[in-house]
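Participant: Compact mmCIF, C-alpha atoms and all ligand atoms, saved as entry-v4.txt, coming up:
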# COMPACT_ATOMS: atom_id res chain seq x y z
CA MET A 1225 -19.10 1.45 -28.15
CA TYR A 1226 -20.62 0.15 -24.90
CA LEU A 1227 -18.53 0.45 -21.75
CA ARG A 1228 -19.42 -0.75 -18.29
CA GLN A 1229 -17.38 -0.39 -15.11
CA PHE A 1230 -17.76 -3.03 -12.39
CA LEU A 1231 -16.60 -2.48 -8.81
CA VAL A 1232 -15.60 -6.01 -7.71
CA GLY A 1233 -13.71 -7.88 -5.01
CA PRO A 1234 -12.39 -6.90 -1.60
CA LEU A 1235 -9.78 -4.41 -2.89
CA GLN A 1236 -12.10 -1.97 -4.68
CA ASN A 1237 -10.94 -3.18 -8.08
CA PHE A 1238 -12.54 -2.02 -11.29
CA THR A 1239 -13.15 -4.52 -14.08
CA TYR A 1240 -14.38 -3.19 -17.42
CA LEU A 1241 -16.50 -4.72 -20.17
CA VAL A 1242 -16.18 -3.00 -23.55
CA ASP A 1243 -18.11 -4.12 -26.59
CA ASP A 1244 -19.29 -3.16 -30.01
CA GLY A 1245 -22.98 -3.62 -29.31
CA GLU A 1246 -25.16 -6.52 -28.18
CA GLY A 1247 -24.13 -9.81 -29.74
CA GLY A 1248 -20.83 -8.38 -30.97
CA PRO A 1249 -17.17 -8.80 -30.10
CA ALA A 1250 -15.99 -7.59 -26.70
CA VAL A 1251 -13.00 -7.24 -24.40
CA VAL A 1252 -12.74 -7.46 -20.62
CA ILE A 1253 -10.13 -5.35 -18.86
CA ASP A 1254 -8.55 -6.59 -15.58
CA PRO A 1255 -10.99 -9.29 -14.43
CA SER A 1256 -10.52 -9.26 -10.66
CA TYR A 1257 -11.89 -11.29 -7.77
CA GLY A 1258 -15.65 -11.77 -7.89
CA VAL A 1259 -16.23 -11.51 -11.64
CA GLU A 1260 -19.71 -13.10 -11.51
CA PRO A 1261 -21.49 -9.79 -12.31
CA VAL A 1262 -19.20 -9.39 -15.33
CA LEU A 1263 -19.98 -12.92 -16.52
CA GLU A 1264 -23.70 -12.18 -16.11
CA ALA A 1265 -23.38 -9.02 -18.20
CA ILE A 1266 -21.48 -10.96 -20.87
CA ASP A 1267 -24.36 -13.45 -21.01
CA GLU A 1268 -27.06 -10.76 -20.93
CA ARG A 1269 -25.47 -8.82 -23.79
CA ARG A 1270 -24.66 -12.06 -25.67
CA VAL A 1271 -21.25 -10.59 -26.53
CA LYS A 1272 -18.27 -12.66 -27.63
CA VAL A 1273 -15.29 -11.79 -25.47
CA GLN A 1274 -12.25 -12.08 -27.73
CA TYR A 1275 -9.62 -10.66 -25.42
CA ILE A 1276 -8.88 -10.21 -21.74
CA LEU A 1277 -6.63 -7.17 -21.36
CA ASN A 1278 -4.48 -7.19 -18.20
CA THR A 1279 -2.85 -3.89 -17.22
CA HIS A 1280 -0.16 -5.62 -15.12
CA SER A 1281 0.73 -8.80 -13.27
CA HIS A 1282 -0.63 -8.11 -9.76
CA GLN A 1283 -3.12 -10.84 -8.93
CA ASP A 1284 -6.04 -8.54 -8.17
CA HIS A 1285 -5.92 -7.51 -11.85
CA TRP A 1286 -6.06 -11.04 -13.31
CA ALA A 1287 -7.68 -13.20 -10.60
CA GLY A 1288 -10.78 -13.53 -12.80
CA ASN A 1289 -8.92 -14.41 -16.01
CA ALA A 1290 -9.52 -18.15 -15.68
CA ASP A 1291 -13.28 -17.73 -15.14
CA VAL A 1292 -13.68 -15.36 -18.10
CA ARG A 1293 -11.48 -17.59 -20.24
CA ALA A 1294 -13.39 -20.75 -19.29
CA ARG A 1295 -16.73 -19.08 -20.12
CA THR A 1296 -15.72 -17.31 -23.32
CA GLY A 1297 -12.47 -18.76 -24.71
CA ALA A 1298 -10.98 -15.26 -24.74
CA LYS A 1299 -7.26 -14.79 -25.29
CA VAL A 1300 -5.22 -13.18 -22.52
CA VAL A 1301 -3.30 -10.04 -23.51
CA ALA A 1302 -0.52 -8.66 -21.28
CA HIS A 1303 2.84 -6.98 -21.54
CA ARG A 1304 5.60 -9.40 -22.59
CA LEU A 1305 7.28 -8.95 -19.17
CA ALA A 1306 4.11 -9.82 -17.21
CA ASP A 1307 4.47 -12.95 -15.09
CA LEU A 1308 1.05 -14.40 -15.88
CA HIS A 1309 -0.35 -16.76 -18.50
CA GLN A 1310 -0.59 -14.75 -21.70
CA ASP A 1311 -1.76 -15.77 -25.17
CA VAL A 1312 -0.81 -12.46 -26.77
CA ALA A 1313 2.32 -10.71 -25.50
CA VAL A 1314 2.30 -6.98 -26.26
CA ASP A 1315 4.69 -4.05 -25.97
CA ASP A 1316 4.60 -0.29 -26.41
CA GLY A 1317 2.68 0.58 -29.58
CA SER A 1318 1.03 -2.83 -30.06
CA VAL A 1319 -2.56 -2.68 -31.33
CA VAL A 1320 -5.25 -5.21 -30.41
CA GLU A 1321 -8.36 -5.22 -32.60
CA SER A 1322 -11.74 -6.60 -31.57
CA GLY A 1323 -14.39 -5.84 -34.16
CA ARG A 1324 -14.33 -2.09 -34.70
CA LEU A 1325 -12.60 -1.57 -31.38
CA LYS A 1326 -8.92 -0.71 -31.80
CA VAL A 1327 -6.90 -0.79 -28.56
CA THR A 1328 -3.40 0.71 -28.48
CA VAL A 1329 -0.90 -0.40 -25.84
CA VAL A 1330 1.23 2.21 -24.07
CA HIS A 1331 4.02 0.74 -21.91
CA THR A 1332 4.18 2.66 -18.61
CA PRO A 1333 6.65 1.00 -16.22
CA GLY A 1334 6.75 2.34 -12.67
CA HIS A 1335 4.02 0.63 -10.64
CA THR A 1336 5.45 -2.60 -12.09
CA PRO A 1337 7.91 -3.07 -14.97
CA ASP A 1338 5.07 -4.70 -16.97
CA SER A 1339 2.42 -1.99 -16.47
CA VAL A 1340 0.60 -0.78 -19.57
CA LEU A 1341 -2.20 1.59 -20.47
CA TYR A 1342 -4.90 0.48 -22.91
CA LEU A 1343 -6.03 3.38 -25.07
CA PHE A 1344 -9.24 3.11 -27.10
CA GLU A 1345 -11.86 5.48 -28.52
CA GLY A 1346 -11.17 8.41 -26.22
CA HIS A 1347 -10.70 6.26 -23.13
CA VAL A 1348 -7.63 5.00 -21.29
CA ALA A 1349 -7.54 2.10 -18.84
CA THR A 1350 -4.72 2.99 -16.47
CA GLY A 1351 -4.52 0.03 -14.07
CA ASP A 1352 -2.47 1.08 -11.03
CA THR A 1353 -0.34 3.57 -12.95
CA LEU A 1354 -2.86 6.38 -12.49
CA PHE A 1355 -5.74 6.64 -10.04
CA VAL A 1356 -8.16 9.53 -9.78
CA GLY A 1357 -6.15 12.01 -7.72
CA THR A 1358 -2.90 10.07 -7.30
CA CYS A 1359 -0.74 7.26 -8.69
CA GLY A 1360 0.14 3.72 -7.60
CA PHE A 1361 3.17 2.67 -5.53
CA VAL A 1362 6.32 1.84 -7.44
CA THR A 1363 8.33 -1.35 -7.99
CA PRO A 1364 11.16 -1.58 -7.26
CA PRO A 1365 10.67 0.94 -4.45
CA GLY A 1366 13.08 3.88 -4.48
CA PRO A 1367 14.58 5.92 -7.31
CA VAL A 1368 14.55 3.20 -10.00
CA GLY A 1369 10.81 2.56 -9.80
CA ALA A 1370 9.94 6.18 -9.09
CA GLY A 1371 12.12 7.37 -11.97
CA ALA A 1372 10.32 5.00 -14.34
CA MET A 1373 6.95 6.17 -12.97
CA TYR A 1374 7.95 9.81 -13.55
CA ASP A 1375 8.81 9.09 -17.18
CA SER A 1376 5.54 7.18 -17.64
CA LEU A 1377 3.31 9.80 -15.99
CA HIS A 1378 5.02 12.99 -17.07
CA GLY A 1379 6.11 11.65 -20.46
CA LYS A 1380 3.32 9.36 -21.65
CA VAL A 1381 0.19 10.05 -19.57
CA LEU A 1382 0.44 13.83 -19.80
CA ALA A 1383 0.93 13.52 -23.57
CA LEU A 1384 -2.69 12.28 -23.86
CA ALA A 1385 -5.44 14.73 -24.81
CA ASP A 1386 -7.44 16.44 -22.04
CA ALA A 1387 -10.73 14.92 -23.22
CA VAL A 1388 -9.56 11.32 -22.79
CA VAL A 1389 -11.60 9.54 -20.10
CA VAL A 1390 -9.51 7.90 -17.36
CA LEU A 1391 -10.59 4.40 -16.29
CA PRO A 1392 -8.54 3.53 -13.20
CA GLY A 1393 -7.81 0.08 -11.78
CA HIS A 1394 -9.25 0.86 -8.35
CA ASP A 1395 -11.94 3.04 -6.82
CA TYR A 1396 -9.44 5.05 -4.77
CA GLY A 1397 -10.44 8.58 -5.77
CA PRO A 1398 -13.33 10.96 -5.17
CA THR A 1399 -15.01 9.75 -8.38
CA PRO A 1400 -14.87 6.38 -10.19
CA THR A 1401 -13.60 7.90 -13.47
CA SER A 1402 -12.02 11.17 -14.54
CA THR A 1403 -10.43 12.81 -17.57
CA ILE A 1404 -6.82 13.51 -18.43
CA GLY A 1405 -7.63 17.24 -18.30
CA ARG A 1406 -8.99 17.02 -14.77
CA GLU A 1407 -6.09 14.86 -13.61
CA ARG A 1408 -3.62 17.23 -15.26
CA ALA A 1409 -5.13 20.00 -13.09
CA GLU A 1410 -5.82 18.09 -9.86
CA ASN A 1411 -3.73 14.90 -9.57
CA GLU A 1412 -0.93 15.31 -7.02
CA ALA A 1413 1.37 13.00 -9.01
CA LEU A 1414 0.90 15.01 -12.22
CA ARG A 1415 1.75 18.44 -10.76
CA PRO A 1416 4.49 20.12 -12.79
CA MET A 1417 7.74 18.92 -11.18
CA THR A 1418 11.23 17.76 -12.00
CA LYS A 1419 12.21 14.13 -11.67
CA GLU A 1420 14.07 14.97 -8.44
CA GLU A 1421 10.94 16.59 -7.01
CA PHE A 1422 8.90 13.55 -8.06
CA LEU A 1423 11.33 11.17 -6.30
CA ARG A 1424 10.89 13.19 -3.11
CA PHE A 1425 7.10 13.19 -3.59
CA MET A 1426 7.09 9.38 -3.92
CA GLU A 1427 9.18 9.01 -0.76
CA SER A 1428 6.80 11.14 1.29
ZN ZN A 1501 -1.00 -3.30 -8.89
Write the structure described by the file as structure tokens, please.
Ligand SMILES: [Zn+2]
Facilitator:
Amino acid sequence: MYLRQFLVGPLQNFTYLVDDGEGGPAVVIDPSYGVEPVLEAIDERRVKVQYILNTHSHQDHWAGNADVRARTGAKVVAHRLADLHQDVAVDDGSVVESGRLKVTVVHTPGHTPDSVLYLFEGHVATGDTLFVGTCGFVTPPGPVGAGAMYDSLHGKVLALADAVVVLPGHDYGPTPTSTIGRERAENEALRPMTKEEFLRFMES
């Protein structure tokens, strides 16, 4: 598997290109503003992008969908609740296959009701659910969103193995990537706490 992280656009977004080798099938995760370097890499590697995987419906995570789609004909994958053009609507447990690459969808509401993780070959693309060192804001703000985020982080994210590499949606942390083990130890949002403590943490 070949994986490349691109820092693009004005909001420090990360877009990812994942493929099976030069000339093979590929996926692009969260094409943001300024996807030209991603399009160049797609051309250079002569890969066939089959799917665009969007972690959630905020525009900075799909602003480049149309350009990638126009160039490659890729199908857009997003959670069924996501308010964006989608060709393949997914939900918790859905699997998207591109060549030998098998991507499992984990629904993690909190940042938005339509937020998902994409889990593949020891890596997890976390969008704005988990950043290196912290987590995203919640929608709706207050206990409903924060309660959902707690269940997603402390239920689903912390259930992942320590060795899994974290691929966040933005370059907001001290390093561009991390691991679940490191985040389990260092991320302020993943500290052992009750839901009540987490609600207070999100308010502060
Ligand atoms: Zn977002």
Participant: Taking a cut-off of 12 Å and counting all atoms listed in the file, can you build a table that, for each residue of chain A near ligand ZN 1501 (chain A), reports the nearest atom pair and how far apart they are in Å (one decimal), sorted by chain then residue number, as CSV?
Facilitator:
residue,atom,partner,partner_atom,distance
A:Leu1235,CA,A:ZN1501,ZN,10.7
A:Gln1236,CA,A:ZN1501,ZN,11.9
A:Asn1237,CA,A:ZN1501,ZN,10.0
A:Phe1238,CA,A:ZN1501,ZN,11.9
A:Asp1254,CA,A:ZN1501,ZN,10.6
A:Ser1256,CA,A:ZN1501,ZN,11.4
A:Asn1278,CA,A:ZN1501,ZN,10.7
A:Thr1279,CA,A:ZN1501,ZN,8.6
A:His1280,CA,A:ZN1501,ZN,6.7
A:Ser1281,CA,A:ZN1501,ZN,7.2
A:His1282,CA,A:ZN1501,ZN,4.9
A:Gln1283,CA,A:ZN1501,ZN,7.8
A:Asp1284,CA,A:ZN1501,ZN,7.3
A:His1285,CA,A:ZN1501,ZN,7.1
A:Trp1286,CA,A:ZN1501,ZN,10.2
A:Ala1306,CA,A:ZN1501,ZN,11.7
A:Pro1333,CA,A:ZN1501,ZN,11.4
A:Gly1334,CA,A:ZN1501,ZN,10.3
A:His1335,CA,A:ZN1501,ZN,6.6
A:Thr1336,CA,A:ZN1501,ZN,7.2
A:Pro1337,CA,A:ZN1501,ZN,10.8
A:Asp1338,CA,A:ZN1501,ZN,10.2
A:Ser1339,CA,A:ZN1501,ZN,8.4
A:Val1340,CA,A:ZN1501,ZN,11.1
A:Thr1350,CA,A:ZN1501,ZN,10.5
A:Gly1351,CA,A:ZN1501,ZN,7.1
A:Asp1352,CA,A:ZN1501,ZN,5.1
A:Thr1353,CA,A:ZN1501,ZN,8.0
A:Leu1354,CA,A:ZN1501,ZN,10.5
A:Phe1355,CA,A:ZN1501,ZN,11.1
A:Cys1359,CA,A:ZN1501,ZN,10.6
A:Gly1360,CA,A:ZN1501,ZN,7.2
A:Phe1361,CA,A:ZN1501,ZN,8.0
A:Val1362,CA,A:ZN1501,ZN,9.1
A:Thr1363,CA,A:ZN1501,ZN,9.6
A:Pro1392,CA,A:ZN1501,ZN,11.0
A:Gly1393,CA,A:ZN1501,ZN,8.1
A:His1394,CA,A:ZN1501,ZN,9.3
Participant: Compare A:Val1312, A:Met1417, A:Leu1227, A:Ala1349 by their minimum atom-to-atom distance to A:Val1330, counting all atoms listed in the file, and give me the closest one.
Facilitator: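 Closest to A:Val1330 of all the choices is A:Ala1349.
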Participant: Any idea what's packed within 12 Å of A:Arg1295, counting only C-alpha atoms, ignoring anything in its chain fewer than 4 positions away? Could you give it as number ranges by chain?
Facilitator: A: 1259-1260, 1262-1264, 1266-1267, 1270-1274, 1276, 1288-1291, 1299
Participant: Mind checking which residues fall within 10 Å of A:Ser1318, counting all atoms listed in the file, ignoring those fewer than 5 positions away in the same chain, and posting them as JSON, numbers by chain?
Facilitator: {"A": [1303, 1313, 1327, 1328, 1329, 1330, 1331, 1342]}
Participant: Grab the atom CA of A:Ala1385 to atom CA of A:Ile1404 distance for me, in Å with one decimal place.
Facilitator: 6.6 Å
Participant: Point out the residue among A:Gly1357, A:Glu1345, A:Tyr1257, A:Ser1376 with the least atom-to-atom distance to A:Glu1410, counting all atoms listed in the file.
Facilitator: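 Looking only at the distances to A:Glu1410, the closest residue turns out to be A:Gly1357.
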Participant: Return the single residue from A:Met1225, A:His1309, A:Val1292, A:Glu1427 that is closest to A:Val1252, with distances computed using all atoms listed in the file.
Facilitator: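 Nearest candidate to A:Val1252 out of A:Met1225, A:His1309, A:Val1292, A:Glu1427: A:Val1292.
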Participant: Between A:Gly1371, A:Gly1297, A:Pro1255, A:Gly1317, which one has atoms that come closest to A:Leu1241, using only C-alpha atoms?
Facilitator: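 Among the listed residues, A:Pro1255 lies closest to A:Leu1241.
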Participant: Just how far from atom CA of A:Gly1366 is atom CA of A:Gly1233, in Å to one decimal?
Facilitator: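 Value for the atom CA of A:Gly1233-atom CA of A:Gly1366 distance: 29.3 Å.
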Participant: Quick one: stretch 1295-1309 of chain A from the block, all heavy atoms, as a JSON list (two decimals), in the first residue's frame.
Facilitator:
[["chain", "number", "residue", "atom", "x", "y", "z"],
["A", 1295, "ARG", "N", -11.62, 14.64, -13.03],
["A", 1295, "ARG", "CA", -10.38, 14.10, -13.59],
["A", 1295, "ARG", "C", -10.39, 12.58, -13.66],
["A", 1295, "ARG", "O", -9.80, 11.98, -14.54],
["A", 1295, "ARG", "CB", -9.20, 14.57, -12.74],
["A", 1295, "ARG", "CG", -7.84, 14.16, -13.25],
["A", 1295, "ARG", "CD", -7.38, 15.05, -14.40],
["A", 1295, "ARG", "NE", -6.98, 16.36, -13.92],
["A", 1295, "ARG", "CZ", -5.71, 16.70, -13.67],
["A", 1295, "ARG", "NH1", -4.74, 15.86, -13.89],
["A", 1295, "ARG", "NH2", -5.45, 17.91, -13.24],
["A", 1296, "THR", "N", -11.08, 11.94, -12.70],
["A", 1296, "THR", "CA", -10.92, 10.49, -12.53],
["A", 1296, "THR", "C", -12.20, 9.69, -12.68],
["A", 1296, "THR", "O", -12.15, 8.48, -12.84],
["A", 1296, "THR", "CB", -10.36, 10.18, -11.13],
["A", 1296, "THR", "OG1", -11.34, 10.55, -10.15],
["A", 1296, "THR", "CG2", -9.06, 10.93, -10.87],
["A", 1297, "GLY", "N", -13.37, 10.36, -12.54],
["A", 1297, "GLY", "CA", -14.63, 9.61, -12.56],
["A", 1297, "GLY", "C", -14.90, 8.85, -11.27],
["A", 1297, "GLY", "O", -15.78, 7.98, -11.23],
["A", 1298, "ALA", "N", -14.17, 9.17, -10.21],
["A", 1298, "ALA", "CA", -14.33, 8.46, -8.94],
["A", 1298, "ALA", "C", -15.72, 8.66, -8.35],
["A", 1298, "ALA", "O", -16.36, 9.69, -8.58],
["A", 1298, "ALA", "CB", -13.28, 8.95, -7.94],
["A", 1299, "LYS", "N", -16.16, 7.67, -7.60],
["A", 1299, "LYS", "CA", -17.45, 7.76, -6.91],
["A", 1299, "LYS", "C", -17.23, 8.34, -5.51],
["A", 1299, "LYS", "O", -16.26, 8.01, -4.84],
["A", 1299, "LYS", "CB", -18.07, 6.36, -6.77],
["A", 1299, "LYS", "CG", -18.55, 5.77, -8.08],
["A", 1299, "LYS", "CD", -19.28, 4.46, -7.82],
["A", 1299, "LYS", "CE", -20.12, 4.04, -9.00],
["A", 1299, "LYS", "NZ", -19.30, 3.76, -10.20],
["A", 1300, "VAL", "N", -18.17, 9.19, -5.11],
["A", 1300, "VAL", "CA", -18.07, 9.85, -3.80],
["A", 1300, "VAL", "C", -18.74, 8.99, -2.74],
["A", 1300, "VAL", "O", -19.90, 8.60, -2.88],
["A", 1300, "VAL", "CB", -18.74, 11.24, -3.85],
["A", 1300, "VAL", "CG1", -18.80, 11.87, -2.45],
["A", 1300, "VAL", "CG2", -17.99, 12.15, -4.82],
["A", 1301, "VAL", "N", -17.97, 8.71, -1.67],
["A", 1301, "VAL", "CA", -18.45, 7.90, -0.55],
["A", 1301, "VAL", "C", -18.57, 8.81, 0.67],
["A", 1301, "VAL", "O", -17.64, 9.54, 1.01],
["A", 1301, "VAL", "CB", -17.45, 6.76, -0.23],
["A", 1301, "VAL", "CG1", -17.91, 5.96, 0.99],
["A", 1301, "VAL", "CG2", -17.27, 5.86, -1.44],
["A", 1302, "ALA", "N", -19.74, 8.78, 1.33],
["A", 1302, "ALA", "CA", -19.91, 9.55, 2.56],
["A", 1302, "ALA", "C", -21.00, 8.89, 3.38],
["A", 1302, "ALA", "O", -21.77, 8.06, 2.87],
["A", 1302, "ALA", "CB", -20.28, 11.01, 2.26],
["A", 1303, "HIS", "N", -21.07, 9.28, 4.65],
["A", 1303, "HIS", "CA", -22.12, 8.74, 5.51],
["A", 1303, "HIS", "C", -23.49, 9.13, 4.95],
["A", 1303, "HIS", "O", -23.65, 10.20, 4.38],
["A", 1303, "HIS", "CB", -21.96, 9.25, 6.95],
["A", 1303, "HIS", "CG", -22.88, 8.57, 7.89],
["A", 1303, "HIS", "ND1", -24.10, 9.10, 8.26],
["A", 1303, "HIS", "CD2", -22.79, 7.37, 8.52],
["A", 1303, "HIS", "CE1", -24.70, 8.26, 9.09],
["A", 1303, "HIS", "NE2", -23.93, 7.20, 9.27],
["A", 1304, "ARG", "N", -24.47, 8.26, 5.14],
["A", 1304, "ARG", "CA", -25.80, 8.49, 4.55],
["A", 1304, "ARG", "C", -26.43, 9.80, 5.03],
["A", 1304, "ARG", "O", -27.27, 10.38, 4.35],
["A", 1304, "ARG", "CB", -26.74, 7.31, 4.84],
["A", 1304, "ARG", "CG", -26.96, 7.05, 6.31],
["A", 1304, "ARG", "CD", -27.81, 5.82, 6.60],
["A", 1304, "ARG", "NE", -27.91, 5.60, 8.02],
["A", 1304, "ARG", "CZ", -28.73, 6.27, 8.83],
["A", 1304, "ARG", "NH1", -29.52, 7.20, 8.32],
["A", 1304, "ARG", "NH2", -28.74, 6.03, 10.12],
["A", 1305, "LEU", "N", -26.00, 10.32, 6.20],
["A", 1305, "LEU", "CA", -26.56, 11.57, 6.69],
["A", 1305, "LEU", "C", -25.84, 12.80, 6.13],
["A", 1305, "LEU", "O", -26.28, 13.93, 6.36],
["A", 1305, "LEU", "CB", -26.47, 11.63, 8.23],
["A", 1305, "LEU", "CG", -27.25, 10.59, 9.02],
["A", 1305, "LEU", "CD1", -26.95, 10.74, 10.52],
["A", 1305, "LEU", "CD2", -28.75, 10.73, 8.76],
["A", 1306, "ALA", "N", -24.73, 12.61, 5.43],
["A", 1306, "ALA", "CA", -23.90, 13.74, 5.00],
["A", 1306, "ALA", "C", -24.62, 14.54, 3.91],
["A", 1306, "ALA", "O", -25.10, 13.98, 2.92],
["A", 1306, "ALA", "CB", -22.56, 13.25, 4.48],
["A", 1307, "ASP", "N", -24.68, 15.85, 4.10],
["A", 1307, "ASP", "CA", -25.35, 16.74, 3.17],
["A", 1307, "ASP", "C", -24.37, 17.15, 2.08],
["A", 1307, "ASP", "O", -23.92, 18.29, 2.03],
["A", 1307, "ASP", "CB", -25.88, 17.96, 3.94],
["A", 1307, "ASP", "CG", -26.70, 18.87, 3.03],
["A", 1307, "ASP", "OD1", -27.12, 18.40, 1.95],
["A", 1307, "ASP", "OD2", -26.89, 20.04, 3.40],
["A", 1308, "LEU", "N", -24.00, 16.20, 1.25],
["A", 1308, "LEU", "CA", -23.16, 16.48, 0.09],
["A", 1308, "LEU", "C", -23.47, 15.44, -0.97],
["A", 1308, "LEU", "O", -24.03, 14.39, -0.65],
["A", 1308, "LEU", "CB", -21.67, 16.46, 0.48],
["A", 1308, "LEU", "CG", -21.09, 15.22, 1.14],
["A", 1308, "LEU", "CD1", -20.60, 14.20, 0.12],
["A", 1308, "LEU", "CD2", -19.90, 15.61, 2.03],
["A", 1309, "HIS", "N", -23.12, 15.73, -2.22],
["A", 1309, "HIS", "CA", -23.40, 14.76, -3.28],
["A", 1309, "HIS", "C", -22.67, 13.46, -2.99],
["A", 1309, "HIS", "O", -21.45, 13.45, -2.82],
["A", 1309, "HIS", "CB", -22.94, 15.28, -4.64],
["A", 1309, "HIS", "CG", -22.95, 14.19, -5.67],
["A", 1309, "HIS", "ND1", -24.07, 13.88, -6.41],
["A", 1309, "HIS", "CD2", -22.02, 13.27, -6.01],
["A", 1309, "HIS", "CE1", -23.81, 12.84, -7.18],
["A", 1309, "HIS", "NE2", -22.57, 12.45, -6.96]]
